[in-house]
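As stored in data_25.cif (mmCIF, C-alpha atoms and all ligand atoms):
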```
data_structure
loop_
_atom_site.label_atom_id
_atom_site.label_comp_id
_atom_site.auth_asym_id
_atom_site.auth_seq_id
_atom_site.Cartn_x
_atom_site.Cartn_y
_atom_site.Cartn_z
CA MET A 15 -38.07 13.84 27.43
CA ASN A 16 -41.08 15.62 26.00
CA PRO A 17 -41.50 14.47 22.36
CA ASP A 18 -43.18 17.80 21.47
CA ALA A 19 -40.20 19.85 22.65
CA PRO A 20 -38.48 21.69 19.79
CA ARG A 21 -34.98 20.57 18.90
CA HIS A 22 -32.60 23.48 19.40
CA ARG A 23 -29.64 23.87 17.06
CA ALA A 24 -27.39 24.79 19.98
CA VAL A 25 -27.75 25.33 23.72
CA PHE A 26 -25.32 27.20 25.97
CA LEU A 27 -25.25 26.71 29.75
CA SER A 28 -22.73 28.02 32.23
CA ASP A 29 -22.11 28.60 35.91
CA LEU A 30 -23.99 25.50 37.06
CA HIS A 31 -21.66 25.31 40.10
CA LEU A 32 -22.50 21.63 40.64
CA GLY A 33 -21.20 20.56 44.03
CA ALA A 34 -21.86 23.94 45.63
CA SER A 35 -24.81 24.31 47.96
CA HIS A 36 -26.20 27.26 45.97
CA CYS A 37 -26.63 25.31 42.73
CA HIS A 38 -30.26 24.74 41.69
CA ALA A 39 -29.49 21.21 40.50
CA ALA A 40 -33.09 19.95 40.68
CA GLU A 41 -34.39 22.76 38.43
CA LEU A 42 -31.45 22.14 36.10
CA ALA A 43 -32.15 18.39 35.91
CA ASP A 44 -35.82 19.16 35.08
CA PHE A 45 -34.72 21.63 32.39
CA LEU A 46 -32.33 19.06 30.86
CA ASP A 47 -35.09 16.42 30.86
CA ARG A 48 -37.09 18.61 28.47
CA LEU A 49 -34.07 19.63 26.39
CA ASP A 50 -33.24 18.38 22.90
CA CYS A 51 -30.35 19.89 20.95
CA GLU A 52 -27.79 19.12 18.26
CA ARG A 53 -24.96 20.72 20.21
CA LEU A 54 -24.52 21.60 23.87
CA TYR A 55 -21.86 24.04 25.04
CA LEU A 56 -20.97 23.90 28.75
CA VAL A 57 -19.44 27.35 29.13
CA GLY A 58 -17.50 27.04 32.39
CA ASP A 59 -17.97 26.71 36.15
CA ILE A 60 -19.88 23.48 35.49
CA ILE A 61 -18.48 21.48 38.38
CA ASP A 62 -17.43 23.80 41.20
CA LEU A 63 -14.06 22.28 42.07
CA TRP A 64 -13.49 24.95 44.74
CA TRP A 65 -16.48 23.56 46.61
CA MET A 66 -15.78 19.94 45.72
CA ALA A 67 -12.38 20.30 47.40
CA SER A 68 -14.00 21.50 50.61
CA ARG A 69 -15.90 19.62 53.29
CA ARG A 70 -19.05 21.51 52.34
CA ALA A 71 -19.20 19.77 48.96
CA ARG A 72 -22.69 18.60 48.11
CA TRP A 73 -23.59 15.83 45.69
CA THR A 74 -27.23 14.79 45.84
CA MET A 75 -29.60 12.83 43.62
CA ALA A 76 -30.26 16.07 41.70
CA GLU A 77 -26.58 16.50 40.78
CA GLN A 78 -26.55 12.82 39.81
CA ARG A 79 -29.63 13.32 37.61
CA VAL A 80 -27.87 16.19 35.82
CA PHE A 81 -24.94 13.94 34.92
CA GLU A 82 -27.11 11.01 33.89
CA ARG A 83 -29.12 13.31 31.63
CA LEU A 84 -25.93 14.71 30.02
CA HIS A 85 -24.81 11.14 29.29
CA ALA A 86 -28.22 10.29 27.83
CA MET A 87 -28.10 13.38 25.60
CA ARG A 88 -24.66 12.41 24.33
CA ARG A 89 -25.83 8.86 23.59
CA ALA A 90 -28.76 10.38 21.68
CA GLY A 91 -26.26 12.21 19.46
CA THR A 92 -25.82 15.63 21.08
CA GLY A 93 -22.28 16.95 20.57
CA ILE A 94 -20.99 18.34 23.87
CA VAL A 95 -18.26 20.98 24.11
CA TYR A 96 -16.88 21.76 27.58
CA ILE A 97 -15.12 25.10 28.09
CA PRO A 98 -13.74 25.19 31.66
CA GLY A 99 -14.16 28.37 33.71
CA ASN A 100 -12.34 29.64 36.79
CA HIS A 101 -14.11 27.35 39.26
CA ASP A 102 -13.17 24.33 37.11
CA ARG A 103 -9.88 25.78 35.92
CA PRO A 104 -7.83 22.55 36.43
CA LEU A 105 -9.74 21.06 33.49
CA ARG A 106 -8.02 23.63 31.25
CA HIS A 107 -4.97 21.35 31.41
CA VAL A 108 -6.84 18.86 29.27
CA CYS A 109 -8.01 21.41 26.67
CA GLY A 110 -7.71 19.95 23.21
CA LEU A 111 -8.49 16.44 24.36
CA THR A 112 -11.45 14.71 22.88
CA LEU A 113 -12.83 12.60 25.66
CA PRO A 114 -15.37 9.92 24.77
CA ALA A 115 -18.08 12.09 26.34
CA MET A 116 -17.19 15.58 25.18
CA ARG A 117 -14.64 17.89 23.69
CA VAL A 118 -12.75 20.14 26.10
CA ARG A 119 -11.81 23.54 24.70
CA ARG A 120 -10.32 26.78 26.05
CA ARG A 121 -12.75 28.64 23.77
CA ALA A 122 -14.84 27.81 20.73
CA ILE A 123 -16.39 29.52 17.73
CA HIS A 124 -20.04 28.71 17.15
CA VAL A 125 -21.36 29.36 13.64
CA THR A 126 -25.09 30.09 13.61
CA ALA A 127 -27.53 28.94 10.93
CA ASP A 128 -27.47 32.43 9.40
CA GLY A 129 -23.67 32.44 9.33
CA ARG A 130 -22.83 34.55 12.36
CA ARG A 131 -19.59 33.51 14.04
CA LEU A 132 -19.78 33.76 17.82
CA LEU A 133 -16.88 33.48 20.25
CA VAL A 134 -17.79 31.07 23.07
CA VAL A 135 -15.76 31.69 26.22
CA HIS A 136 -16.43 31.52 29.98
CA GLY A 137 -15.42 35.16 30.57
CA ASP A 138 -13.07 35.21 33.56
CA ASP A 139 -10.35 36.41 31.15
CA TYR A 140 -12.14 39.79 31.17
CA ASP A 141 -11.95 40.23 34.94
CA GLY A 142 -8.64 42.02 34.77
CA ILE A 143 -7.96 40.69 38.26
CA THR A 144 -4.78 38.77 37.49
CA GLN A 145 -2.73 41.83 38.54
CA PHE A 146 -3.97 41.24 42.11
CA GLY A 147 -3.41 37.49 42.08
CA ASN A 148 -6.48 35.46 42.91
CA LEU A 149 -6.96 36.96 46.38
CA GLN A 150 -9.60 39.38 45.14
CA GLU A 151 -11.26 36.59 43.18
CA LYS A 152 -11.44 34.44 46.33
CA PHE A 153 -12.68 37.35 48.48
CA GLY A 154 -15.34 38.30 45.94
CA ASP A 155 -16.42 34.69 45.97
CA TRP A 156 -16.55 34.49 49.75
CA LEU A 157 -18.67 37.65 49.91
CA TYR A 158 -20.97 36.45 47.15
CA GLU A 159 -21.43 33.16 48.97
CA ARG A 160 -22.47 34.98 52.18
CA ILE A 161 -25.02 36.97 50.18
CA LEU A 162 -26.39 33.78 48.61
CA THR A 163 -26.76 32.23 52.05
CA GLY A 164 -28.74 35.30 53.13
CA ASN A 165 -30.73 34.90 49.92
CA ARG A 166 -31.63 31.32 50.79
CA LEU A 167 -32.71 32.08 54.36
CA LEU A 168 -34.73 35.07 53.19
CA ASN A 169 -36.53 33.07 50.52
CA ARG A 170 -37.25 30.22 52.90
CA ALA A 171 -39.05 32.79 55.08
CA ARG A 172 -40.78 34.32 52.06
CA ARG A 173 -41.99 30.88 50.95
CA ARG A 174 -43.47 30.30 54.38
CA LEU A 175 -45.31 33.61 54.02
CA GLY A 176 -46.52 32.56 50.56
CA LEU A 177 -44.38 35.16 48.78
CA ARG A 178 -42.64 34.45 45.49
CA TYR A 179 -38.87 34.03 45.03
CA TRP A 180 -36.94 37.28 45.17
CA SER A 181 -33.19 37.59 44.56
CA LEU A 182 -31.35 39.52 47.25
CA ALA A 183 -28.10 39.13 45.34
CA GLU A 184 -29.63 40.60 42.18
CA PHE A 185 -31.15 43.44 44.24
CA LEU A 186 -27.75 44.28 45.74
CA LYS A 187 -26.04 44.06 42.35
CA GLN A 188 -28.53 46.45 40.78
CA ARG A 189 -28.10 48.97 43.61
CA SER A 190 -24.34 48.73 43.79
CA GLY A 191 -22.74 51.18 41.38
CA ALA A 192 -19.48 49.22 41.55
CA ALA A 193 -21.20 46.00 40.45
CA GLU A 194 -22.94 47.75 37.57
CA ARG A 195 -19.66 49.36 36.46
CA TYR A 196 -17.91 45.98 36.65
CA ILE A 197 -20.64 44.40 34.52
CA ALA A 198 -20.48 47.26 31.98
CA ARG A 199 -16.68 46.86 31.72
CA PHE A 200 -17.05 43.10 31.35
CA VAL A 201 -19.51 43.52 28.46
CA ASP A 202 -17.23 46.09 26.76
CA ALA A 203 -14.20 43.79 27.11
CA GLY A 204 -16.08 40.79 25.73
CA LEU A 205 -17.41 42.66 22.72
CA ALA A 206 -13.97 44.21 22.06
CA ASP A 207 -12.42 40.73 22.11
CA ALA A 208 -14.98 39.42 19.60
CA ARG A 209 -14.36 42.44 17.34
CA ARG A 210 -10.57 42.03 17.55
CA ARG A 211 -10.94 38.43 16.41
CA GLY A 212 -13.13 39.51 13.49
CA LEU A 213 -16.16 37.66 14.88
CA ASP A 214 -19.84 38.63 15.03
CA GLY A 215 -20.36 38.41 18.77
CA ILE A 216 -19.72 36.63 22.02
CA VAL A 217 -21.42 33.98 24.17
CA CYS A 218 -20.22 33.90 27.76
CA GLY A 219 -21.24 33.48 31.40
CA HIS A 220 -19.20 34.05 34.56
CA ILE A 221 -20.83 37.27 35.91
CA HIS A 222 -24.19 35.62 36.73
CA ARG A 223 -26.14 38.20 34.77
CA ALA A 224 -28.11 36.82 31.82
CA ALA A 225 -28.45 39.13 28.81
CA LEU A 226 -28.97 39.06 25.06
CA PHE A 227 -28.66 42.11 22.85
CA GLU A 228 -26.93 43.56 19.81
CA ARG A 229 -24.55 46.49 19.98
CA ASP A 230 -22.73 48.04 17.01
CA GLY A 231 -23.65 45.00 14.94
CA LEU A 232 -22.21 42.51 17.47
CA VAL A 233 -24.19 39.98 19.52
CA TYR A 234 -23.69 39.91 23.28
CA ALA A 235 -25.15 36.77 24.84
CA ASN A 236 -24.65 35.89 28.48
CA ASP A 237 -26.30 32.57 29.28
CA GLY A 238 -26.63 33.47 32.98
CA ASP A 239 -26.22 30.83 35.66
CA TRP A 240 -27.97 28.14 37.74
CA VAL A 241 -27.34 29.80 41.08
CA GLU A 242 -29.53 32.88 40.67
CA SER A 243 -31.00 33.48 37.22
CA LEU A 244 -31.61 29.85 36.10
CA THR A 245 -31.34 30.68 32.40
CA ALA A 246 -30.05 29.19 29.15
CA PHE A 247 -29.04 30.70 25.82
CA VAL A 248 -30.22 28.79 22.73
CA GLU A 249 -30.07 28.95 18.95
CA GLU A 250 -33.12 27.72 17.07
CA PRO A 251 -32.84 25.88 13.71
CA ASP A 252 -33.49 29.11 11.71
CA GLY A 253 -30.75 31.03 13.54
CA THR A 254 -33.04 32.82 16.00
CA LEU A 255 -31.18 33.46 19.25
CA ARG A 256 -33.07 33.23 22.54
CA LEU A 257 -32.54 33.60 26.22
CA LEU A 258 -34.75 31.08 28.06
CA SER A 259 -35.86 30.80 31.66
CA HIS A 260 -35.64 27.35 33.27
CA ARG A 261 -39.36 26.97 32.54
CA GLY A 262 -38.76 27.65 28.86
CA ASP A 263 -40.14 31.22 28.75
CA VAL A 264 -38.44 33.47 26.19
CA LEU A 265 -36.75 36.31 28.10
CA ALA A 266 -35.07 37.93 25.09
CA GLU A 267 -34.77 37.23 21.39
CA LEU A 268 -32.68 38.22 18.36
CA ARG A 269 -34.13 37.35 14.96
CA PRO A 270 -31.81 35.93 12.29
CA THR A 271 -32.32 39.04 10.12
CA GLN A 272 -29.64 41.40 11.41
CA GLY A 273 -30.61 44.20 13.75
CA ALA A 274 -34.25 43.31 14.36
CA THR A 275 -34.78 42.71 18.04
CA ALA A 276 -37.88 41.89 20.01
CA PRO A 277 -37.25 42.42 23.70
CA VAL A 278 -39.33 40.38 26.09
CA GLY A 279 -38.98 40.60 29.84
CA ASP A 280 -36.47 42.41 31.96
CA ALA A 281 -33.29 40.62 30.89
CA MET A 282 -33.34 42.82 27.80
CA ARG A 283 -34.16 46.00 29.71
CA ARG A 284 -31.36 45.41 32.20
CA ALA A 285 -28.90 44.75 29.42
CA ALA A 286 -29.74 47.96 27.57
MN MN B 1 -16.72 31.99 36.64
#
```
Encoded form using structure tokens:
Amino acid sequence: MNPDAPRHRAVFLSDLHLGASHCHAAELADFLDRLDCERLYLVGDIIDLWWMASRRARWTMAEQRVFERLHAMRRAGTGIVYIPGNHDRPLRHVCGLTLPAMRVRRRAIHVTADGRRLLVVHGDDYDGITQFGNLQEKFGDWLYERILTGNRLLNRARRRLGLRYWSLAEFLKQRSGAAERYIARFVDAGLADARRRGLDGIVCGHIHRAALFERDGLVYANDGDWVESLTAFVEEPDGTLRLLSHRGDVLAELRPTQGATAPVGDAMRRAA
């Protein structure tokens, strides 16, 4: 670990999808190596049990490094809270347990240094898909997986041509009106849930679209994922909220003084 790295008050990661072939485990392990925080929230879809149960399950040295680093962080005093998502749903049966390594929770409330109370939840509750059973969820996943495979092949070719990484999945999402409407509804549902509970905002993942902004006095933070966006959401010791790239660049920021925002990069623009 880099001794000069700042110690974050809290770090939120979700949608790692460890065990799935689309997880960027090596980049994640590198990110964790540089990470120092008081509290780490794992906000769902950490281990992809859907993939782990299949013959395509992948567990390499990179996945192993991720787990070893999490153990090392815990030994160094980081409190870890695990909130299972839909791809690691079976772990919801052990919610409330305090395992030696971490606490497992259905949802949590994180209180920031400046006193804001944020609901921490994976986000699949806002899908509104339960009325169709999980068929649609599985189909959406199958389709997404095909797109990610296309993404990988495309970027392998681009790398050979010396071109930089470009996300086909993100391109399709931005051009698909249905995807944008789904994301807008998801954000509305999350913020409404936080308001109903009398909280000051929400931290979630699930939709693989990182964002950080304030709307009607409520914080919306989506920590993104480690399949496409490779992002993390963090709280600094003074209560500043930041969306970070895996290299540590600040993509978006909310200052602790209410309402003042300083957008950096396109995560903020997309979220607007
Ligand atoms: Mn999910």
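Around ligand MN 1 (chain B), using all atoms listed in the file and a cut-off of 7 Å, the residues in contact are Asp29, Gly58, Asp59, Gly99, Asn100, His101, His136, Gly137, Asp138, His220 and Ile221 of chain A.
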Report the closest atom pair, with its distance in Å rounded to one decimal, for each residue of region 53-112 of chain A that has an atom no farther than 12 Å from region 222-240 of chain A; count all atoms listed in the file, sort by chain and then rising residue number, and write it as a tab-separated table.
```
residue	atom	partner	partner_atom	distance
A:Tyr55	CA	A:Asp237	CA	10.5
A:Leu56	CA	A:Asp237	CA	10.2
A:Val57	CA	A:Asp237	CA	8.6
A:Gly58	CA	A:Asp239	CA	10.1
A:Asp59	CA	A:Asp239	CA	9.2
A:Ile60	CA	A:Trp240	CA	9.6
A:Ile61	CA	A:Trp240	CA	11.6
A:Asp62	CA	A:Trp240	CA	11.9
```
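Remark: for Ala24 (chain A), the closest of the candidate residues A:Leu54, A:Ala122, A:Ala127, A:Leu132 is A:Leu54 (distances computed over all atoms listed in the file).
Each of A:Met66, A:Ile197, A:Leu49, A:Val134 was compared to Pro98 (chain A) using only C-alpha atoms, and A:Val134 turns out to be the nearest.
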Quick one: 4 Å padding each side, axis-aligned, all listed atoms of region 228-241 of chain A - centre and edge lengths in Å to one decimal, as lines of an AutoDock Vina configuration file?
```
center_x = -25.1
center_y = 38.1
center_z = 28.0
size_x = 13.8
size_y = 27.9
size_z = 34.1
```
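The space separating CA of Gly215 (chain A) from CA of Val248 (chain A) comes to 14.3 Å.
Distance annotation: of A:Leu63, A:Arg48, A:Ala71, A:Arg106, the residue with the minimal separation from Arg83 (chain A) is A:Arg48; atom set is all atoms listed in the file.
Closest to Leu258 (chain A) among A:Gly33, A:Val118, A:Phe45, A:Arg189 is A:Phe45, based on all atoms listed in the file.
Nearest residue to Ser68 (chain A) among A:Ile94, A:Ala192, A:Ala86, A:Ala34 is A:Ala34, counting all atoms listed in the file.
The coordinates place CA of Ala39 (chain A) at 21.6 Å from CA of Gly93 (chain A).
Residue nearest Asp128 (chain A), chosen from A:Ser35, A:Leu255, A:Arg79, A:His107 and counting only C-alpha atoms: A:Leu255.
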Missing atoms in region 69-104 of chain A should be modelled up to N, CA and C atoms and reported as a short mmCIF file (atom, residue, chain, number, x, y, z; two decimals), keeping the file's coordinate frame.
```cif
data_model
loop_
_atom_site.label_atom_id
_atom_site.label_comp_id
_atom_site.auth_asym_id
_atom_site.auth_seq_id
_atom_site.Cartn_x
_atom_site.Cartn_y
_atom_site.Cartn_z
N ARG A 69 -15.04 20.57 52.58
CA ARG A 69 -15.90 19.62 53.29
C ARG A 69 -17.38 19.93 53.09
N ARG A 70 -17.65 21.14 52.53
CA ARG A 70 -19.05 21.51 52.34
C ARG A 70 -19.60 21.00 51.01
N ALA A 71 -18.78 20.26 50.27
CA ALA A 71 -19.20 19.77 48.96
C ALA A 71 -20.53 19.03 49.06
N ARG A 72 -21.37 19.24 48.08
CA ARG A 72 -22.69 18.60 48.11
C ARG A 72 -22.92 17.85 46.81
N TRP A 73 -23.29 16.60 46.91
CA TRP A 73 -23.59 15.83 45.69
C TRP A 73 -24.83 14.99 45.98
N THR A 74 -25.97 15.46 45.51
CA THR A 74 -27.23 14.79 45.84
C THR A 74 -27.76 14.05 44.61
N MET A 75 -28.93 13.48 44.74
CA MET A 75 -29.60 12.83 43.62
C MET A 75 -29.80 13.80 42.44
N ALA A 76 -30.02 15.07 42.76
CA ALA A 76 -30.26 16.07 41.70
C ALA A 76 -29.01 16.26 40.85
N GLU A 77 -27.84 16.37 41.52
CA GLU A 77 -26.58 16.50 40.78
C GLU A 77 -26.37 15.24 39.92
N GLN A 78 -26.70 14.08 40.52
CA GLN A 78 -26.55 12.82 39.81
C GLN A 78 -27.46 12.79 38.57
N ARG A 79 -28.68 13.27 38.73
CA ARG A 79 -29.63 13.32 37.61
C ARG A 79 -29.09 14.18 36.48
N VAL A 80 -28.44 15.30 36.84
CA VAL A 80 -27.87 16.19 35.82
C VAL A 80 -26.87 15.42 34.97
N PHE A 81 -25.97 14.67 35.65
CA PHE A 81 -24.94 13.94 34.92
C PHE A 81 -25.52 12.79 34.09
N GLU A 82 -26.49 12.11 34.64
CA GLU A 82 -27.11 11.01 33.89
C GLU A 82 -27.80 11.53 32.64
N ARG A 83 -28.42 12.69 32.78
CA ARG A 83 -29.12 13.31 31.63
C ARG A 83 -28.11 13.74 30.55
N LEU A 84 -26.96 14.30 30.98
CA LEU A 84 -25.93 14.71 30.02
C LEU A 84 -25.43 13.48 29.25
N HIS A 85 -25.24 12.37 29.95
CA HIS A 85 -24.81 11.14 29.29
C HIS A 85 -25.87 10.67 28.30
N ALA A 86 -27.13 10.74 28.71
CA ALA A 86 -28.22 10.29 27.83
C ALA A 86 -28.28 11.16 26.59
N MET A 87 -28.07 12.48 26.75
CA MET A 87 -28.10 13.38 25.60
C MET A 87 -26.97 13.05 24.62
N ARG A 88 -25.80 12.76 25.19
CA ARG A 88 -24.66 12.41 24.33
C ARG A 88 -24.94 11.12 23.56
N ARG A 89 -25.51 10.13 24.27
CA ARG A 89 -25.83 8.86 23.59
C ARG A 89 -26.85 9.08 22.49
N ALA A 90 -27.73 10.09 22.69
CA ALA A 90 -28.76 10.38 21.68
C ALA A 90 -28.20 11.25 20.55
N GLY A 91 -26.89 11.54 20.59
CA GLY A 91 -26.26 12.21 19.46
C GLY A 91 -25.93 13.68 19.64
N THR A 92 -26.18 14.23 20.84
CA THR A 92 -25.82 15.63 21.08
C THR A 92 -24.31 15.76 21.21
N GLY A 93 -23.71 16.68 20.45
CA GLY A 93 -22.28 16.95 20.57
C GLY A 93 -22.06 17.89 21.74
N ILE A 94 -21.20 17.51 22.67
CA ILE A 94 -20.99 18.34 23.87
C ILE A 94 -19.59 18.94 23.85
N VAL A 95 -19.53 20.26 24.02
CA VAL A 95 -18.26 20.98 24.11
C VAL A 95 -18.16 21.58 25.50
N TYR A 96 -17.08 21.27 26.20
CA TYR A 96 -16.88 21.76 27.58
C TYR A 96 -15.77 22.80 27.56
N ILE A 97 -16.10 24.02 27.98
CA ILE A 97 -15.12 25.10 28.09
C ILE A 97 -14.96 25.44 29.57
N PRO A 98 -13.88 24.97 30.22
CA PRO A 98 -13.74 25.19 31.66
C PRO A 98 -13.68 26.68 32.02
N GLY A 99 -14.21 27.00 33.20
CA GLY A 99 -14.16 28.37 33.71
C GLY A 99 -13.15 28.49 34.82
N ASN A 100 -13.32 29.46 35.71
CA ASN A 100 -12.34 29.64 36.79
C ASN A 100 -12.60 28.71 37.98
N HIS A 101 -13.85 28.28 38.16
CA HIS A 101 -14.11 27.35 39.26
C HIS A 101 -13.83 25.90 38.86
N ASP A 102 -13.61 25.66 37.56
CA ASP A 102 -13.17 24.33 37.11
C ASP A 102 -11.92 24.46 36.25
N ARG A 103 -11.09 25.44 36.66
CA ARG A 103 -9.88 25.78 35.92
C ARG A 103 -8.94 24.60 35.69
N PRO A 104 -8.76 23.67 36.66
CA PRO A 104 -7.83 22.55 36.43
C PRO A 104 -8.13 21.78 35.15
#
```
